[in-house]
>>> print(open('my_file_12.tsv').read())   # TSV, C-alpha atoms and all ligand atoms
chain	number	residue	atom	x	y	z
A	1	MET	CA	14.12	4.47	-24.81
A	2	GLU	CA	10.69	5.51	-25.94
A	3	PHE	CA	7.28	4.55	-24.66
A	4	THR	CA	3.60	5.05	-25.32
A	5	LEU	CA	1.96	5.94	-22.02
A	6	LYS	CA	-1.76	5.36	-21.51
A	7	ILE	CA	-2.51	7.37	-18.38
A	8	TRP	CA	-5.82	7.58	-16.50
A	9	ARG	CA	-6.92	11.23	-16.27
A	10	GLN	CA	-9.81	12.21	-14.01
A	11	GLN	CA	-10.62	15.66	-12.63
A	12	ASN	CA	-12.11	14.45	-9.34
A	13	ALA	CA	-14.00	11.58	-7.68
A	14	GLY	CA	-17.30	12.57	-9.28
A	15	ALA	CA	-15.97	13.16	-12.79
A	16	LYS	CA	-15.83	10.59	-15.56
A	17	GLY	CA	-12.25	9.53	-16.19
A	18	GLY	CA	-10.52	7.99	-19.16
A	19	PHE	CA	-7.15	7.04	-20.63
A	20	LYS	CA	-5.11	9.64	-22.49
A	21	THR	CA	-2.19	8.66	-24.70
A	22	TYR	CA	1.23	10.28	-24.32
A	23	PRO	CA	4.18	9.29	-26.52
A	24	LEU	CA	7.45	9.85	-24.62
A	25	LYS	CA	10.93	9.83	-26.19
A	26	ASP	CA	14.50	9.99	-24.84
A	27	VAL	CA	13.72	8.21	-21.58
A	28	SER	CA	16.84	7.05	-19.74
A	29	PRO	CA	16.74	3.39	-18.68
A	30	GLU	CA	18.17	4.56	-15.35
A	31	MET	CA	15.18	6.79	-14.63
A	32	SER	CA	12.86	5.61	-11.90
A	33	PHE	CA	9.20	5.30	-12.87
A	34	LEU	CA	8.39	8.49	-10.95
A	35	GLU	CA	11.27	10.35	-12.61
A	36	MET	CA	9.82	9.28	-15.95
A	37	LEU	CA	6.48	10.84	-14.89
A	38	ASP	CA	8.34	13.99	-13.76
A	39	TYR	CA	9.95	14.10	-17.21
A	40	LEU	CA	6.52	13.77	-18.86
A	41	ASN	CA	5.04	16.47	-16.61
A	42	LYS	CA	7.88	18.86	-17.46
A	43	GLN	CA	7.00	18.48	-21.13
A	44	LEU	CA	3.26	18.87	-20.44
A	45	ILE	CA	3.84	22.05	-18.43
A	46	GLU	CA	6.16	23.48	-21.07
A	47	GLY	CA	3.50	22.71	-23.70
A	48	GLY	CA	0.82	24.50	-21.66
A	49	ASP	CA	-0.97	21.29	-20.65
A	50	GLU	CA	-2.03	20.20	-17.19
A	51	PRO	CA	0.51	17.86	-15.55
A	52	VAL	CA	-0.50	14.39	-14.39
A	53	THR	CA	-1.29	14.28	-10.65
A	54	PHE	CA	0.37	11.44	-8.78
A	55	GLU	CA	1.48	10.90	-5.19
A	56	HIS	CA	5.02	10.47	-3.89
A	57	ASP	CA	7.11	11.41	-0.89
A	58	CYS	CA	10.22	9.46	0.17
A	59	ARG	CA	11.02	7.90	-3.23
A	60	GLU	CA	12.93	5.14	-1.44
A	61	GLY	CA	10.29	2.54	-0.66
A	62	ILE	CA	9.47	3.69	2.87
A	63	CYS	CA	6.41	5.96	2.97
A	64	GLY	CA	3.93	4.00	0.83
A	65	THR	CA	2.44	6.98	-0.99
A	66	CYS	CA	3.55	6.15	-4.55
A	67	GLY	CA	1.08	3.39	-5.41
A	68	LEU	CA	0.23	3.17	-9.10
A	69	TYR	CA	-1.47	0.39	-11.04
A	70	ILE	CA	1.00	-0.31	-13.86
A	71	ASN	CA	0.11	-2.70	-16.68
A	72	GLY	CA	-2.53	-4.35	-14.51
A	73	ARG	CA	-0.41	-4.81	-11.37
A	74	PRO	CA	0.00	-2.70	-8.25
A	75	HIS	CA	3.48	-1.14	-8.35
A	76	GLY	CA	4.20	-2.71	-11.74
A	77	PRO	CA	5.93	-5.88	-12.89
A	78	MET	CA	8.69	-6.33	-10.28
A	79	ARG	CA	8.03	-8.24	-7.05
A	80	ASP	CA	8.93	-6.66	-3.70
A	81	THR	CA	9.36	-3.28	-5.41
A	82	THR	CA	7.46	-0.02	-4.90
A	83	THR	CA	6.66	2.25	-7.86
A	84	CYS	CA	9.38	4.68	-6.77
A	85	GLU	CA	11.96	1.86	-6.78
A	86	LEU	CA	10.91	0.63	-10.22
A	87	HIS	CA	13.20	1.65	-13.10
A	88	MET	CA	12.48	2.09	-16.78
A	89	ARG	CA	15.10	-0.53	-17.67
A	90	GLU	CA	12.57	-3.13	-16.51
A	91	PHE	CA	10.44	-2.31	-19.57
A	92	ALA	CA	11.24	-2.99	-23.22
A	93	ASP	CA	12.02	-0.13	-25.58
A	94	GLY	CA	8.83	0.77	-27.45
A	95	ASP	CA	6.48	-0.67	-24.80
A	96	THR	CA	2.98	0.64	-24.23
A	97	ILE	CA	2.48	1.19	-20.50
A	98	PHE	CA	-0.95	1.53	-18.88
A	99	ILE	CA	-0.94	3.61	-15.69
A	100	GLU	CA	-4.03	3.74	-13.45
A	101	PRO	CA	-4.90	4.74	-9.87
A	102	TRP	CA	-5.79	2.14	-7.23
A	103	ARG	CA	-9.30	0.86	-7.97
A	104	ALA	CA	-11.42	0.58	-4.79
A	105	SER	CA	-14.50	2.43	-3.57
A	106	ALA	CA	-12.75	2.94	-0.21
A	107	PHE	CA	-9.95	4.75	-2.10
A	108	PRO	CA	-11.84	7.42	-4.10
A	109	VAL	CA	-9.85	9.20	-6.80
A	110	ILE	CA	-8.71	12.69	-5.79
A	111	LYS	CA	-7.35	13.49	-9.22
A	112	ASP	CA	-5.78	11.45	-12.03
A	113	LEU	CA	-3.56	8.86	-10.31
A	114	ALA	CA	-3.91	10.15	-6.74
A	115	VAL	CA	-6.42	8.44	-4.45
A	116	ASP	CA	-7.69	9.26	-0.97
A	117	ARG	CA	-6.33	6.59	1.39
A	118	SER	CA	-7.55	8.22	4.61
A	119	SER	CA	-9.65	5.08	5.19
A	120	PHE	CA	-6.36	3.40	6.20
A	121	GLU	CA	-5.68	6.27	8.61
A	122	ARG	CA	-9.09	5.77	10.22
A	123	ILE	CA	-8.36	2.04	10.68
A	124	MET	CA	-5.11	2.98	12.43
A	125	HIS	CA	-6.88	5.58	14.58
A	126	ALA	CA	-9.33	2.86	15.67
A	127	GLY	CA	-6.62	0.81	17.37
A	128	GLY	CA	-3.25	0.84	15.62
A	129	PHE	CA	-1.33	2.12	18.63
A	130	ILE	CA	-0.39	1.21	22.19
A	131	SER	CA	-1.33	3.46	25.09
A	132	THR	CA	0.70	1.72	27.81
A	133	ASN	CA	3.69	3.52	29.27
A	134	THR	CA	6.68	1.62	27.90
A	135	GLY	CA	9.22	3.60	29.88
A	136	CYS	CA	12.68	4.41	28.60
A	137	ALA	CA	15.05	2.12	26.69
A	138	PRO	CA	16.51	0.20	29.69
A	139	GLU	CA	12.97	-0.62	30.88
A	140	SER	CA	11.83	-1.92	27.50
A	141	ASN	CA	15.01	-4.01	27.34
A	142	SER	CA	14.01	-5.63	30.63
A	143	ASN	CA	11.13	-7.30	28.77
A	144	PRO	CA	12.91	-10.02	26.80
A	145	ILE	CA	11.17	-11.06	23.56
A	146	GLY	CA	12.06	-14.32	21.85
A	147	LYS	CA	14.00	-13.96	18.59
A	148	HIS	CA	11.36	-15.78	16.55
A	149	VAL	CA	8.56	-13.56	17.91
A	150	ALA	CA	10.61	-10.39	17.47
A	151	ASP	CA	11.41	-11.33	13.86
A	152	LEU	CA	7.73	-12.05	13.13
A	153	ALA	CA	6.63	-8.74	14.67
A	154	PHE	CA	9.25	-6.97	12.61
A	155	ASP	CA	8.04	-8.71	9.43
A	156	ALA	CA	4.52	-7.43	10.15
A	157	ALA	CA	5.82	-3.94	10.92
A	158	ALA	CA	7.40	-3.79	7.45
A	159	CYS	CA	3.95	-2.91	6.01
A	160	ILE	CA	4.15	0.62	4.59
A	161	GLY	CA	0.36	1.02	4.19
A	162	CYS	CA	0.54	1.68	0.46
A	163	GLY	CA	-2.75	-0.06	-0.37
A	164	ALA	CA	-1.35	-2.44	-3.00
A	165	CYS	CA	-3.08	-5.33	-1.19
A	166	VAL	CA	-6.45	-3.62	-1.69
A	167	ALA	CA	-5.70	-2.84	-5.34
A	168	ALA	CA	-4.61	-6.42	-6.01
A	169	CYS	CA	-7.67	-8.07	-4.41
A	170	LYS	CA	-10.80	-8.70	-6.44
A	171	ASN	CA	-12.81	-7.96	-3.29
A	172	SER	CA	-10.77	-4.82	-2.47
A	173	SER	CA	-9.96	-6.40	0.86
A	174	ALA	CA	-7.75	-4.55	3.33
A	175	MET	CA	-7.19	-7.64	5.48
A	176	LEU	CA	-3.46	-7.90	4.72
A	177	PHE	CA	-2.91	-4.30	5.82
A	178	ALA	CA	-5.10	-4.54	8.95
A	179	SER	CA	-3.72	-7.93	9.94
A	180	ALA	CA	-0.11	-6.78	9.67
A	181	LYS	CA	-0.83	-3.85	11.97
A	182	ILE	CA	-2.83	-5.99	14.44
A	183	ALA	CA	-0.22	-8.77	14.47
A	184	GLN	CA	2.66	-6.34	14.92
A	185	TYR	CA	1.22	-5.16	18.24
A	186	ALA	CA	-0.33	-8.43	19.38
A	187	MET	CA	3.06	-10.18	19.43
A	188	THR	CA	4.91	-7.82	21.74
A	189	PRO	CA	4.37	-7.56	25.54
A	190	GLN	CA	3.52	-3.85	25.37
A	191	GLY	CA	0.89	-4.44	22.67
A	192	LYS	CA	-0.78	-7.43	24.32
A	193	VAL	CA	-2.51	-5.24	26.96
A	194	GLU	CA	-5.03	-3.81	24.46
A	195	ARG	CA	-5.14	-6.68	21.96
A	196	LYS	CA	-8.85	-7.53	22.43
A	197	GLU	CA	-10.07	-3.97	22.00
A	198	ARG	CA	-7.62	-3.36	19.18
A	199	VAL	CA	-8.71	-6.23	16.95
A	200	ASP	CA	-12.40	-5.48	17.59
A	201	GLN	CA	-12.10	-1.80	16.75
A	202	MET	CA	-9.79	-2.13	13.75
A	203	VAL	CA	-11.85	-4.89	12.14
A	204	ARG	CA	-15.05	-2.93	12.74
A	205	GLN	CA	-13.53	0.18	11.16
A	206	MET	CA	-12.18	-1.82	8.22
A	207	ASP	CA	-15.69	-3.13	7.52
A	208	ALA	CA	-17.24	0.33	7.98
A	209	GLU	CA	-14.89	1.77	5.34
A	210	GLY	CA	-16.31	-0.65	2.76
A	211	PHE	CA	-13.34	-2.97	2.25
A	212	GLY	CA	-14.30	-6.49	1.19
A	213	ALA	CA	-13.52	-9.83	2.79
A	214	CYS	CA	-10.42	-11.88	2.00
A	215	SER	CA	-10.73	-13.53	-1.42
A	216	ASN	CA	-8.19	-16.27	-0.54
A	217	THR	CA	-6.39	-15.75	-3.85
A	218	TYR	CA	-3.13	-14.58	-2.19
A	219	SER	CA	-2.88	-11.78	-4.75
A	220	CYS	CA	-2.27	-9.32	-1.88
A	221	GLU	CA	0.82	-11.21	-0.75
A	222	PHE	CA	2.03	-11.63	-4.33
A	223	ASP	CA	1.82	-7.90	-5.11
A	224	CYS	CA	2.81	-6.52	-1.70
A	225	PRO	CA	6.04	-4.55	-2.20
A	226	LYS	CA	7.18	-5.55	1.28
A	227	GLY	CA	6.33	-9.24	1.00
A	228	ILE	CA	3.84	-9.24	3.90
A	229	SER	CA	2.61	-12.81	4.41
A	230	VAL	CA	-1.05	-13.84	4.35
A	231	ASP	CA	-0.22	-15.81	7.50
A	232	PHE	CA	-0.92	-12.54	9.35
A	233	ILE	CA	-4.55	-12.69	8.14
A	234	ALA	CA	-4.82	-16.03	9.95
A	235	THR	CA	-3.30	-14.35	13.03
A	236	MET	CA	-5.88	-11.56	12.82
A	237	ASN	CA	-8.76	-14.01	12.45
A	238	LYS	CA	-7.47	-15.97	15.46
A	239	GLU	CA	-7.14	-12.78	17.52
A	240	PHE	CA	-10.68	-11.79	16.55
A	241	LEU	CA	-12.14	-15.20	17.36
A	242	TYR	CA	-10.46	-15.42	20.77
A	243	SER	CA	-11.50	-11.87	21.62
A	244	LYS	CA	-15.12	-12.79	20.91
A	245	LEU	CA	-15.11	-16.20	22.59
A	246	PHE	CA	-12.91	-15.74	25.63
A	247	GLY	CA	-12.25	-12.06	26.09
A	248	GLN	CA	-8.59	-11.15	26.15
A	249	LYS	CA	-6.44	-13.97	24.88
A	250	GLY	CA	-3.90	-15.21	27.39
B	301	LIG	S1	7.46	7.42	-2.60
B	301	LIG	FE1	7.64	6.57	-0.59
B	301	LIG	S2	7.39	4.43	-0.92
B	301	LIG	FE2	7.43	5.27	-2.92
>>> encode(input="my_file_12.tsv", output="structure tokens")
Amino acid sequence: MEFTLKIWRQQNAGAKGGFKTYPLKDVSPEMSFLEMLDYLNKQLIEGGDEPVTFEHDCREGICGTCGLYINGRPHGPMRDTTTCELHMREFADGDTIFIEPWRASAFPVIKDLAVDRSSFERIMHAGGFISTNTGCAPESNSNPIGKHVADLAFDAAACIGCGACVAACKNSSAMLFASAKIAQYAMTPQGKVERKERVDQMVRQMDAEGFGACSNTYSCEFDCPKGISVDFIATMNKEFLYSKLFGQKG
């Protein structure tokens, strides 16, 4: 297969960026998208050019570092698929592919396609943890959790913090990310202890980082590679409201 790649190149957050065109031949349809970029970088390095900077780690859909904006969609054209799980066979031979970094002021460009997502880390530091002593395994098993609640908490915990929700939203809202983390803890007995403080602090930090409000377009859910539901945003809003009106929700 061969492609024309239009890749965003930018030296740093303060520099002016722009698209550069790279024709690429002899691409295997079985290559992952990141392997295709590795293949391009090998050719750039061999030709004495600077390779394209992009982020990756696990390359199996777990870590959330590989977010790229591909042809106008976070993680590309396939639903429920991270960039590292996307394969070149999903594109047509001869396609032109536009590749950009996440676009959000709270995710400043580090270089080329890599952005600084430490704003998500600061939201987690604000309350995305439990500080109760949960004991050892037999003790946690003595706290039965209903199957429906356990499944819902697990669905929320599937968020990998990649930032696709922010990139997809016209308001650069991080509410899908924050709500998944808040809901994950709010539903389990161990997490309920700090639920009021948690929602207050995480929402405050989310706003301080400059993320926008929910745009109600559901684009975050549509482009989330883990299929996180916008229902968790309603859960977060409910948690926030109850924490303000009644103190800790019973
Ligand atoms: S590299 Fe870890 S999710 Fe893609």
>>> closest_residue(input="my_file_12.tsv", among="A:Pro189, A:Pro23, A:Gly227, A:Gly210", to="A:Thr82", atoms="all atoms listed in the file")
A:Gly227
>>> residues_near_point(input="my_file_12.tsv", point="(7.2, 10.1, -16.8)", cutoff="10 Å", atoms="only C-alpha atoms", output="count of residues only")
20
>>> residues_near_ligand(input="my_file_12.tsv", ligand="ligand LIG 301 (chain B)", cutoff="12 Å", atoms="all atoms listed in the file", output="count of residues only")
37
>>> closest_residue(input="my_file_12.tsv", among="A:Asp231, A:Gly247, A:Phe91, A:Phe211", to="A:Arg117", atoms="only C-alpha atoms")
A:Phe211
>>> atom_distance(input="my_file_12.tsv", atom1="atom CA of A:Arg89", atom2="atom CA of A:Asp223")
19.7 Å
>>> closest_residue(input="my_file_12.tsv", among="A:Phe246, A:Phe240, A:Phe107, A:Phe232", to="A:Ser172", atoms="only C-alpha atoms")
A:Phe107
>>> closest_residue(input="my_file_12.tsv", among="A:Gly47, A:Gly146, A:Pro138, A:Gly127", to="A:Met202", atoms="only C-alpha atoms")
A:Gly127
>>> closest_residue(input="my_file_12.tsv", among="A:Ser140, A:Ser219, A:Ser243, A:Ser105", to="A:Glu197", atoms="all atoms listed in the file")
A:Ser243
>>> closest_residue(input="my_file_12.tsv", among="A:Pro144, A:Gly128, A:Pro29, A:Pro101", to="A:Asp116", atoms="all atoms listed in the file")
A:Pro101
>>> residues_around(input="my_file_12.tsv", residues="A:Asn143", least_positions_apart="4", cutoff="12 Å", atoms="only C-alpha atoms", output="PyMOL selection string")
chain A and resi 134-139+150+188-190
>>> residues_around(input="my_file_12.tsv", residues="A:Met175", least_positions_apart="3", cutoff="10 Å", atoms="all atoms listed in the file", output="ChimeraX atom specification")
/A:165-166,169,172,178-181,203,206-207,211-215,220,230,232-234,236-237
>>> atom_distance(input="my_file_12.tsv", atom1="atom CA of A:Lys6", atom2="atom CA of A:Arg73")
14.4 Å
>>> atom_distance(input="my_file_12.tsv", atom1="atom CA of A:Asp49", atom2="atom CA of A:Ser28")
22.8 Å
>>> decode(input="my_file_12.tsv", residues="stretch 64-154 of chain A", atoms="C-alpha atoms", output="compact mmCIF listing (two decimals), in the first residue's frame")
# COMPACT_ATOMS: atom_id res chain seq x y z
CA GLY A 64 -3.61 5.69 26.76
CA THR A 65 -0.48 7.49 25.57
CA CYS A 66 -0.88 6.99 21.80
CA GLY A 67 -3.58 9.55 21.06
CA LEU A 68 -3.41 11.01 17.56
CA TYR A 69 -6.00 13.00 15.63
CA ILE A 70 -6.32 11.04 12.37
CA ASN A 71 -8.39 12.38 9.48
CA GLY A 72 -10.34 14.60 11.86
CA ARG A 73 -11.10 11.98 14.52
CA PRO A 74 -9.35 11.06 17.75
CA HIS A 75 -7.69 7.66 17.25
CA GLY A 76 -8.86 7.52 13.63
CA PRO A 77 -11.83 5.99 11.85
CA MET A 78 -12.50 2.82 13.89
CA ARG A 79 -14.78 2.91 16.94
CA ASP A 80 -13.56 1.46 20.25
CA THR A 81 -10.00 1.35 18.90
CA THR A 82 -6.87 3.16 20.08
CA THR A 83 -4.30 4.46 17.59
CA CYS A 84 -1.94 1.61 18.48
CA GLU A 85 -4.67 -0.95 17.71
CA LEU A 86 -5.54 0.66 14.38
CA HIS A 87 -4.14 -1.10 11.30
CA MET A 88 -3.31 0.24 7.86
CA ARG A 89 -5.74 -2.21 6.24
CA GLU A 90 -8.52 0.07 7.50
CA PHE A 91 -7.41 2.69 4.96
CA ALA A 92 -7.66 2.52 1.18
CA ASP A 93 -4.54 2.17 -0.93
CA GLY A 94 -3.51 5.64 -2.13
CA ASP A 95 -5.30 7.49 0.70
CA THR A 96 -4.15 10.85 1.99
CA ILE A 97 -4.03 10.72 5.79
CA PHE A 98 -3.97 13.83 7.99
CA ILE A 99 -2.26 13.29 11.36
CA GLU A 100 -2.46 15.95 14.08
CA PRO A 101 -1.90 16.21 17.85
CA TRP A 102 -4.80 16.62 20.28
CA ARG A 103 -6.08 20.20 20.00
CA ALA A 104 -6.77 21.75 23.43
CA SER A 105 -5.15 24.59 25.36
CA ALA A 106 -4.97 22.30 28.41
CA PHE A 107 -2.89 19.87 26.30
CA PRO A 108 -0.06 22.08 24.97
CA VAL A 109 2.06 20.60 22.20
CA ILE A 110 5.44 19.32 23.40
CA LYS A 111 6.66 18.57 19.91
CA ASP A 112 4.99 17.48 16.66
CA LEU A 113 2.28 14.99 17.67
CA ALA A 114 3.15 14.73 21.37
CA VAL A 115 1.13 16.82 23.83
CA ASP A 116 1.52 17.47 27.55
CA ARG A 117 -1.36 15.72 29.33
CA SER A 118 -0.14 16.38 32.87
CA SER A 119 -3.38 18.34 33.43
CA PHE A 120 -5.07 14.91 33.68
CA GLU A 121 -2.48 13.85 36.25
CA ARG A 122 -3.25 16.93 38.34
CA ILE A 123 -6.98 16.12 38.23
CA MET A 124 -6.16 12.62 39.51
CA HIS A 125 -3.87 14.02 42.21
CA ALA A 126 -6.76 16.24 43.38
CA GLY A 127 -8.91 13.26 44.36
CA GLY A 128 -8.60 10.24 42.08
CA PHE A 129 -7.62 7.84 44.85
CA ILE A 130 -8.90 6.31 48.07
CA SER A 131 -7.02 6.75 51.32
CA THR A 132 -9.00 4.28 53.45
CA ASN A 133 -7.30 1.10 54.58
CA THR A 134 -8.96 -1.63 52.52
CA GLY A 135 -7.15 -4.45 54.26
CA CYS A 136 -6.11 -7.64 52.52
CA ALA A 137 -8.11 -9.67 49.99
CA PRO A 138 -10.31 -11.62 52.46
CA GLU A 139 -11.35 -8.35 54.13
CA SER A 140 -12.30 -6.66 50.85
CA ASN A 141 -14.27 -9.78 49.93
CA SER A 142 -16.28 -9.36 53.13
CA ASN A 143 -17.80 -6.21 51.60
CA PRO A 144 -20.23 -7.65 49.06
CA ILE A 145 -20.94 -5.40 46.06
CA GLY A 146 -23.97 -6.01 43.86
CA LYS A 147 -23.20 -7.36 40.39
CA HIS A 148 -24.85 -4.42 38.62
CA VAL A 149 -22.86 -1.88 40.67
CA ALA A 150 -19.61 -3.81 40.27
CA ASP A 151 -20.12 -3.98 36.49
CA LEU A 152 -20.84 -0.24 36.31
CA ALA A 153 -17.76 0.61 38.38
CA PHE A 154 -15.70 -1.61 36.13
